[in-house]
file data_37.cif (mmCIF, C-alpha atoms)
data_final
loop_
_atom_site.label_atom_id
_atom_site.label_comp_id
_atom_site.auth_asym_id
_atom_site.auth_seq_id
_atom_site.Cartn_x
_atom_site.Cartn_y
_atom_site.Cartn_z
CA MET S 1 -15.43 26.68 59.95
CA ARG S 2 -13.61 27.76 56.84
CA ALA S 3 -14.82 30.77 54.85
CA ALA S 4 -15.75 30.12 51.24
CA LEU S 5 -13.49 31.74 48.67
CA PRO S 6 -15.07 33.75 45.86
CA ILE S 7 -14.96 32.32 42.36
CA LEU S 8 -14.84 34.49 39.23
CA LEU S 9 -17.35 33.61 36.53
CA LEU S 10 -16.68 33.03 32.88
CA LEU S 11 -17.84 34.96 29.81
CA LEU S 12 -16.70 33.49 26.50
CA ALA S 13 -16.39 34.73 22.97
CA ALA S 14 -19.39 33.57 20.99
CA PRO S 15 -18.89 31.86 17.64
CA SER S 16 -20.52 33.69 14.79
CA SER S 17 -22.92 32.14 12.39
CA ALA S 18 -20.41 32.72 9.60
CA GLN S 19 -19.16 29.54 8.03
CA GLU S 20 -15.53 28.49 8.39
CA ALA S 21 -13.53 29.56 5.37
CA PRO S 22 -10.14 28.33 4.24
CA ALA S 23 -7.33 30.64 5.30
CA PRO S 24 -5.79 32.84 2.62
CA ALA S 25 -2.15 32.54 1.68
CA ALA S 26 -1.25 33.67 5.20
CA ASP S 27 2.40 32.79 4.79
CA GLU S 28 2.68 35.43 2.10
CA ALA S 29 1.00 37.98 4.38
CA ALA S 30 3.47 37.23 7.18
CA THR S 31 6.37 38.63 5.13
CA PRO S 32 4.85 41.27 2.85
CA THR S 33 6.97 43.01 0.26
CA ASN S 34 4.59 45.57 -1.24
CA LYS S 35 4.32 49.11 0.14
CA ASP S 36 0.62 48.81 1.05
CA ALA S 37 1.31 45.80 3.27
CA LEU S 38 4.08 47.64 5.11
CA LYS S 39 2.26 50.98 5.40
CA TYR S 40 0.65 50.58 8.84
CA ARG S 41 2.98 48.11 10.54
CA SER S 42 3.29 48.89 14.23
CA GLY S 43 7.03 48.45 14.65
CA LEU S 44 6.28 46.39 17.76
CA PRO S 45 7.76 42.91 18.13
CA VAL S 46 5.94 39.99 16.54
CA PRO S 47 4.81 37.77 18.17
CA ARG S 48 3.42 39.74 21.11
CA PHE S 49 0.30 39.74 23.26
CA ALA S 50 -2.47 42.31 23.02
CA SER S 51 -5.98 42.50 24.44
CA LEU S 52 -9.33 42.96 22.80
CA ARG S 53 -10.38 46.62 22.91
CA ALA S 54 -13.93 46.34 21.62
CA GLY S 55 -17.05 44.70 23.02
CA ARG S 56 -17.66 43.17 19.60
CA ALA S 57 -14.82 42.31 17.24
CA TYR S 58 -14.72 40.20 14.10
CA MET S 59 -12.01 37.66 13.38
CA ARG S 60 -11.73 37.14 9.63
CA ALA S 61 -10.29 34.42 7.41
CA GLY S 62 -7.90 36.91 5.81
CA PRO S 63 -6.52 40.46 6.09
CA GLY S 64 -9.43 42.47 4.69
CA LYS S 65 -13.16 43.11 5.02
CA GLU S 66 -13.76 41.02 1.89
CA TYR S 67 -12.81 37.87 3.85
CA PRO S 68 -15.58 36.08 5.74
CA VAL S 69 -15.99 36.42 9.50
CA THR S 70 -14.95 33.22 11.29
CA TRP S 71 -15.50 34.32 14.92
CA VAL S 72 -17.13 37.17 16.77
CA PHE S 73 -15.45 38.10 20.06
CA VAL S 74 -17.72 39.76 22.61
CA ARG S 75 -15.54 40.11 25.70
CA PRO S 76 -13.29 43.19 25.97
CA GLY S 77 -9.91 42.40 27.48
CA THR S 78 -9.59 38.91 25.99
CA PRO S 79 -5.87 38.27 25.42
CA LEU S 80 -4.81 37.57 21.84
CA GLU S 81 -1.36 36.77 20.50
CA VAL S 82 -0.40 38.90 17.49
CA VAL S 83 1.55 36.57 15.19
CA SER S 84 1.70 38.67 12.00
CA GLU S 85 0.91 42.14 10.59
CA TRP S 86 -0.33 43.21 7.15
CA ASN S 87 -1.27 46.86 6.68
CA VAL S 88 -3.92 47.62 9.38
CA TRP S 89 -4.62 43.90 9.86
CA ARG S 90 -3.20 41.74 12.63
CA LYS S 91 -3.17 37.96 12.50
CA VAL S 92 -4.10 36.86 16.02
CA LYS S 93 -4.39 33.62 17.95
CA ASP S 94 -6.66 33.05 20.96
CA ALA S 95 -6.20 30.77 23.99
CA ASP S 96 -7.74 27.83 22.10
CA GLY S 97 -5.30 28.23 19.19
CA THR S 98 -7.88 29.67 16.78
CA GLU S 99 -6.18 32.03 14.31
CA GLY S 100 -7.59 34.76 12.15
CA TRP S 101 -7.22 38.38 11.11
CA MET S 102 -8.47 41.42 13.02
CA ASP S 103 -8.31 45.17 12.39
CA ARG S 104 -5.69 46.82 14.62
CA ALA S 105 -8.35 49.20 15.96
CA MET S 106 -9.91 46.24 17.80
CA LEU S 107 -6.72 45.60 19.81
CA HIS S 108 -5.12 47.33 22.78
CA THR S 109 -1.67 47.07 24.35
CA ASP S 110 -3.12 46.48 27.85
CA ARG S 111 -1.98 43.10 29.17
CA THR S 112 -4.46 40.52 30.32
CA ILE S 113 -4.36 36.82 31.09
CA GLN S 114 -7.04 34.17 30.54
CA ILE S 115 -7.22 31.28 33.02
CA THR S 116 -6.69 27.96 31.23
CA LYS S 117 -7.63 24.27 31.66
CA GLN S 118 -9.07 24.19 35.22
CA THR S 119 -9.97 26.33 38.22
CA ARG S 120 -6.79 28.05 39.41
CA GLU S 121 -5.79 29.39 42.81
CA LEU S 122 -4.56 32.94 43.25
CA ARG S 123 -2.26 33.50 46.20
CA ALA S 124 -1.64 36.41 48.57
CA ARG S 125 2.07 36.36 47.72
CA PRO S 126 4.13 34.76 44.93
CA ASP S 127 4.66 31.57 46.92
CA LEU S 128 2.83 28.22 46.81
CA SER S 129 2.67 28.16 50.62
CA SER S 130 0.98 31.59 50.68
CA PRO S 131 -2.75 31.70 51.52
CA ILE S 132 -5.26 31.32 48.67
CA VAL S 133 -7.17 34.58 48.17
CA LEU S 134 -9.27 33.64 45.15
CA ARG S 135 -10.13 30.80 42.80
CA ALA S 136 -10.67 31.59 39.13
CA GLU S 137 -12.45 29.33 36.65
CA PRO S 138 -11.15 28.53 33.16
CA GLY S 139 -11.86 31.38 30.73
CA VAL S 140 -11.78 34.12 33.36
CA VAL S 141 -9.84 37.15 32.08
CA MET S 142 -7.85 39.31 34.48
CA ARG S 143 -5.58 42.35 34.07
CA VAL S 144 -1.85 41.70 34.48
CA THR S 145 -0.11 44.30 36.65
CA MET S 146 3.31 42.64 36.84
CA CYS S 147 5.17 39.40 36.10
CA ALA S 148 8.50 38.20 37.42
CA ASP S 149 9.98 34.73 37.68
CA ARG S 150 7.12 32.18 37.70
CA TRP S 151 4.41 34.54 38.99
CA CYS S 152 2.13 37.28 37.69
CA ARG S 153 0.14 39.70 39.83
CA VAL S 154 -3.37 39.91 38.38
CA GLU S 155 -6.54 41.89 39.12
CA GLY S 156 -10.20 41.36 38.34
CA GLN S 157 -13.54 42.48 39.77
CA GLY S 158 -11.82 44.46 42.53
CA ARG S 159 -9.74 41.46 43.68
CA SER S 160 -6.07 40.69 43.13
CA GLY S 161 -3.55 37.96 43.74
CA TYR S 162 -0.59 36.05 42.33
CA LEU S 163 -1.02 33.44 39.61
CA LEU S 164 1.54 31.02 38.24
CA ARG S 165 2.12 32.26 34.70
CA GLU S 166 1.73 28.78 33.19
CA HIS S 167 -1.88 28.71 34.46
CA GLY S 168 -2.97 31.29 31.93
CA PHE S 169 -2.76 32.49 28.33
CA GLY S 170 -1.46 36.01 27.77
CA VAL S 171 2.16 36.10 28.95
CA TYR S 172 5.31 34.43 27.66
CA PRO S 173 7.56 32.23 29.82
CA GLY S 174 10.20 34.42 31.45
CA GLU S 175 8.62 37.68 30.22
CA GLN S 176 9.03 40.58 32.66
CA ILE S 177 6.03 42.94 32.98
CA GLY S 178 5.74 45.99 35.21
#
call {"tool": "encode", "arguments": {"input": "data_37.cif", "output": "structure tokens"}}
result
Amino acid sequence: MRAALPILLLLLAAPSSAQEAPAPAADEAATPTNKDALKYRSGLPVPRFASLRAGRAYMRAGPGKEYPVTWVFVRPGTPLEVVSEWNVWRKVKDADGTEGWMDRAMLHTDRTIQITKQTRELRARPDLSSPIVLRAEPGVVMRVTMCADRWCRVEGQGRSGYLLREHGFGVYPGEQIG
């Protein structure tokens, strides 16, 4: 008889009750020229991946608290792609392609990956013929410890394994981590 493999469960970001607002002139914010816009730029490459630091973080329609909230993220560690910077604000994109602005204090440089599209198999070694050690459902977020070639070593809930990088959102093709 074959032993059942554990499956990680999913916790998603909850949409807020705020209404969808049209995006501000985001193209202008992507290449700011005034000193205030440049003041708190990180100096890190853009685009890049970051993870959600807070247990509750607001995504806004524009770079400022005067813009309406479009989403409320409630899962720390959720990977977000930083696509632009304006002062302390970072324009981010989630795994579903939703874009908005978030205060830099809500983001962390820790690397995570979110399982996409379907249940994915994690392997004991970076090899498709290696034994399956875990199955992870879409939306599961795991910490990335290293990536090389086609594989990333990931950890979550005390378990670890190798995942094909194209099975998740949070790492770029060919990016070396660790």
call {"tool": "closest_residue", "arguments": {"input": "data_37.cif", "among": "S:Asn87, S:Thr70, S:Thr116, S:Thr98", "to": "Glu166 of chain S", "atoms": "all atoms listed in the file"}}
result
S:Thr116
call {"tool": "closest_residue", "arguments": {"input": "data_37.cif", "among": "S:Val133, S:Ala54, S:Ala148, S:Val141", "to": "Phe73 of chain S", "atoms": "only C-alpha atoms"}}
result
S:Ala54
call {"tool": "closest_residue", "arguments": {"input": "data_37.cif", "among": "S:Glu81, S:Glu66, S:Glu155, S:Asp149", "to": "Arg123 of chain S", "atoms": "all atoms listed in the file"}}
result
S:Glu155
call {"tool": "closest_residue", "arguments": {"input": "data_37.cif", "among": "S:Val171, S:Leu122, S:Leu44, S:Ala136", "to": "Ser84 of chain S", "atoms": "all atoms listed in the file"}}
result
S:Leu44
call {"tool": "resolve_selection", "arguments": {"input": "data_37.cif", "expression": "the PyMOL selection byres ((chain S and resi 89) around 10)", "output": "PyMOL selection string"}}
result
chain S and resi 29+37+40-41+60+62-65+84-88+90-92+100-106
call {"tool": "closest_residue", "arguments": {"input": "data_37.cif", "among": "S:Tyr172, S:Gln157, S:Thr112, S:Val74", "to": "Pro47 of chain S", "atoms": "only C-alpha atoms"}}
result
S:Tyr172
call {"tool": "atom_distance", "arguments": {"input": "data_37.cif", "atom1": "atom CA of Ser51 of chain S", "atom2": "atom CA of Pro126 of chain S"}}
result
24.1 Å
call {"tool": "closest_residue", "arguments": {"input": "data_37.cif", "among": "S:Arg111, S:Phe169, S:Trp71, S:Glu175", "to": "Asp96 of chain S", "atoms": "all atoms listed in the file"}}
result
S:Phe169
call {"tool": "resolve_selection", "arguments": {"input": "data_37.cif", "expression": "the PyMOL selection byres ((chain S and resi 120) around 6)", "output": "compact mmCIF listing (two decimals) with C-alpha atoms, in the coordinates of the input"}}
result
# COMPACT_ATOMS: atom_id res chain seq x y z
CA THR S 119 -9.97 26.33 38.22
CA GLU S 121 -5.79 29.39 42.81
CA ARG S 135 -10.13 30.80 42.80
CA ALA S 136 -10.67 31.59 39.13
call {"tool": "atom_distance", "arguments": {"input": "data_37.cif", "atom1": "atom CA of Val72 of chain S", "atom2": "atom CA of Tyr58 of chain S"}}
result
4.7 Å
call {"tool": "resolve_selection", "arguments": {"input": "data_37.cif", "expression": "the PyMOL selection byres ((chain S and resi 76) around 7)", "output": "PyMOL selection string"}}
result
chain S and resi 52-55+74-75+77-78
call {"tool": "residues_around", "arguments": {"input": "data_37.cif", "residues": "Pro45 of chain S", "least_positions_apart": "4", "cutoff": "10 Å", "atoms": "only C-alpha atoms", "output": "JSON list (two decimals) with C-alpha atoms, in the coordinates of the input"}}
result
[["chain", "number", "residue", "atom", "x", "y", "z"],
["S", 49, "PHE", "CA", 0.30, 39.74, 23.26],
["S", 82, "VAL", "CA", -0.40, 38.90, 17.49],
["S", 83, "VAL", "CA", 1.55, 36.57, 15.19],
["S", 84, "SER", "CA", 1.70, 38.67, 12.00]]
call {"tool": "residues_around", "arguments": {"input": "data_37.cif", "residues": "Pro173 of chain S", "least_positions_apart": "6", "cutoff": "12 Å", "atoms": "all atoms listed in the file", "output": "JSON list (two decimals) with C-alpha atoms, in the frame of the given file"}}
result
[["chain", "number", "residue", "atom", "x", "y", "z"],
["S", 147, "CYS", "CA", 5.17, 39.40, 36.10],
["S", 148, "ALA", "CA", 8.50, 38.20, 37.42],
["S", 149, "ASP", "CA", 9.98, 34.73, 37.68],
["S", 150, "ARG", "CA", 7.12, 32.18, 37.70],
["S", 151, "TRP", "CA", 4.41, 34.54, 38.99],
["S", 152, "CYS", "CA", 2.13, 37.28, 37.69],
["S", 164, "LEU", "CA", 1.54, 31.02, 38.24],
["S", 165, "ARG", "CA", 2.12, 32.26, 34.70],
["S", 166, "GLU", "CA", 1.73, 28.78, 33.19],
["S", 167, "HIS", "CA", -1.88, 28.71, 34.46]]
call {"tool": "atom_distance", "arguments": {"input": "data_37.cif", "atom1": "atom CA of Val46 of chain S", "atom2": "atom CA of Met59 of chain S"}}
result
18.4 Å
call {"tool": "residues_near_point", "arguments": {"input": "data_37.cif", "point": "(-2.8, 36.6, 42.6)", "cutoff": "6 Å", "atoms": "all atoms listed in the file", "output": "PDB file with C-alpha atoms, in the coordinates of the input"}}
result
ATOM      1  CA  LEU S 122      -4.560  32.940  43.250  1.00  0.00           C
ATOM      2  CA  ARG S 123      -2.260  33.500  46.200  1.00  0.00           C
ATOM      3  CA  ARG S 153       0.140  39.700  39.830  1.00  0.00           C
ATOM      4  CA  VAL S 154      -3.370  39.910  38.380  1.00  0.00           C
ATOM      5  CA  SER S 160      -6.070  40.690  43.130  1.00  0.00           C
ATOM      6  CA  GLY S 161      -3.550  37.960  43.740  1.00  0.00           C
ATOM      7  CA  TYR S 162      -0.590  36.050  42.330  1.00  0.00           C
ATOM      8  CA  LEU S 163      -1.020  33.440  39.610  1.00  0.00           C
TER       9      LEU S 163
END
call {"tool": "build_atoms", "arguments": {"input": "data_37.cif", "residues": "segment 103-127 of chain S", "atoms": "N, CA and C atoms", "output": "short mmCIF file (atom, residue, chain, number, x, y, z; two decimals), in the coordinates of the input"}}
result
data_model
loop_
_atom_site.label_atom_id
_atom_site.label_comp_id
_atom_site.auth_asym_id
_atom_site.auth_seq_id
_atom_site.Cartn_x
_atom_site.Cartn_y
_atom_site.Cartn_z
N ASP S 103 -8.76 43.79 12.58
CA ASP S 103 -8.31 45.17 12.39
C ASP S 103 -7.59 45.63 13.64
N ARG S 104 -6.49 46.36 13.47
CA ARG S 104 -5.69 46.82 14.62
C ARG S 104 -6.49 47.69 15.58
N ALA S 105 -7.53 48.35 15.09
CA ALA S 105 -8.35 49.20 15.96
C ALA S 105 -9.09 48.40 17.02
N MET S 106 -9.22 47.10 16.83
CA MET S 106 -9.91 46.24 17.80
C MET S 106 -8.99 45.78 18.94
N LEU S 107 -7.70 46.09 18.84
CA LEU S 107 -6.72 45.60 19.81
C LEU S 107 -6.14 46.73 20.66
N HIS S 108 -5.71 46.38 21.84
CA HIS S 108 -5.12 47.33 22.78
C HIS S 108 -3.84 46.73 23.35
N THR S 109 -2.93 47.56 23.79
CA THR S 109 -1.67 47.07 24.35
C THR S 109 -1.79 46.66 25.82
N ASP S 110 -2.93 46.91 26.46
CA ASP S 110 -3.12 46.48 27.85
C ASP S 110 -2.90 44.97 27.94
N ARG S 111 -2.28 44.52 29.00
CA ARG S 111 -1.98 43.10 29.17
C ARG S 111 -3.00 42.42 30.07
N THR S 112 -3.50 41.32 29.57
CA THR S 112 -4.46 40.52 30.32
C THR S 112 -4.04 39.06 30.24
N ILE S 113 -4.63 38.25 31.10
CA ILE S 113 -4.36 36.82 31.09
C ILE S 113 -5.68 36.08 31.22
N GLN S 114 -5.83 34.99 30.50
CA GLN S 114 -7.04 34.17 30.54
C GLN S 114 -6.69 32.86 31.24
N ILE S 115 -7.44 32.52 32.27
CA ILE S 115 -7.22 31.28 33.02
C ILE S 115 -7.47 30.10 32.09
N THR S 116 -6.58 29.10 32.13
CA THR S 116 -6.69 27.96 31.23
C THR S 116 -6.86 26.64 31.99
N LYS S 117 -7.50 25.69 31.32
CA LYS S 117 -7.63 24.27 31.66
C LYS S 117 -8.49 23.92 32.87
N GLN S 118 -8.30 24.55 34.02
CA GLN S 118 -9.07 24.19 35.22
C GLN S 118 -9.11 25.38 36.16
N THR S 119 -9.91 25.27 37.22
CA THR S 119 -9.97 26.33 38.22
C THR S 119 -8.58 26.50 38.83
N ARG S 120 -8.14 27.74 38.92
CA ARG S 120 -6.79 28.05 39.41
C ARG S 120 -6.86 28.87 40.69
N GLU S 121 -5.86 28.68 41.53
CA GLU S 121 -5.79 29.39 42.81
C GLU S 121 -4.87 30.60 42.68
N LEU S 122 -5.37 31.73 43.16
CA LEU S 122 -4.56 32.94 43.25
C LEU S 122 -4.12 33.08 44.70
N ARG S 123 -2.87 33.45 44.88
CA ARG S 123 -2.26 33.50 46.20
C ARG S 123 -2.03 34.94 46.66
N ALA S 124 -1.89 35.09 47.98
CA ALA S 124 -1.64 36.41 48.57
C ALA S 124 -0.25 36.93 48.22
N ARG S 125 0.69 36.03 48.06
CA ARG S 125 2.07 36.36 47.72
C ARG S 125 2.55 35.37 46.65
N PRO S 126 3.63 35.68 45.95
CA PRO S 126 4.13 34.76 44.93
C PRO S 126 4.88 33.58 45.55
N ASP S 127 4.10 32.71 46.19
CA ASP S 127 4.66 31.57 46.92
C ASP S 127 3.56 30.53 47.07
#
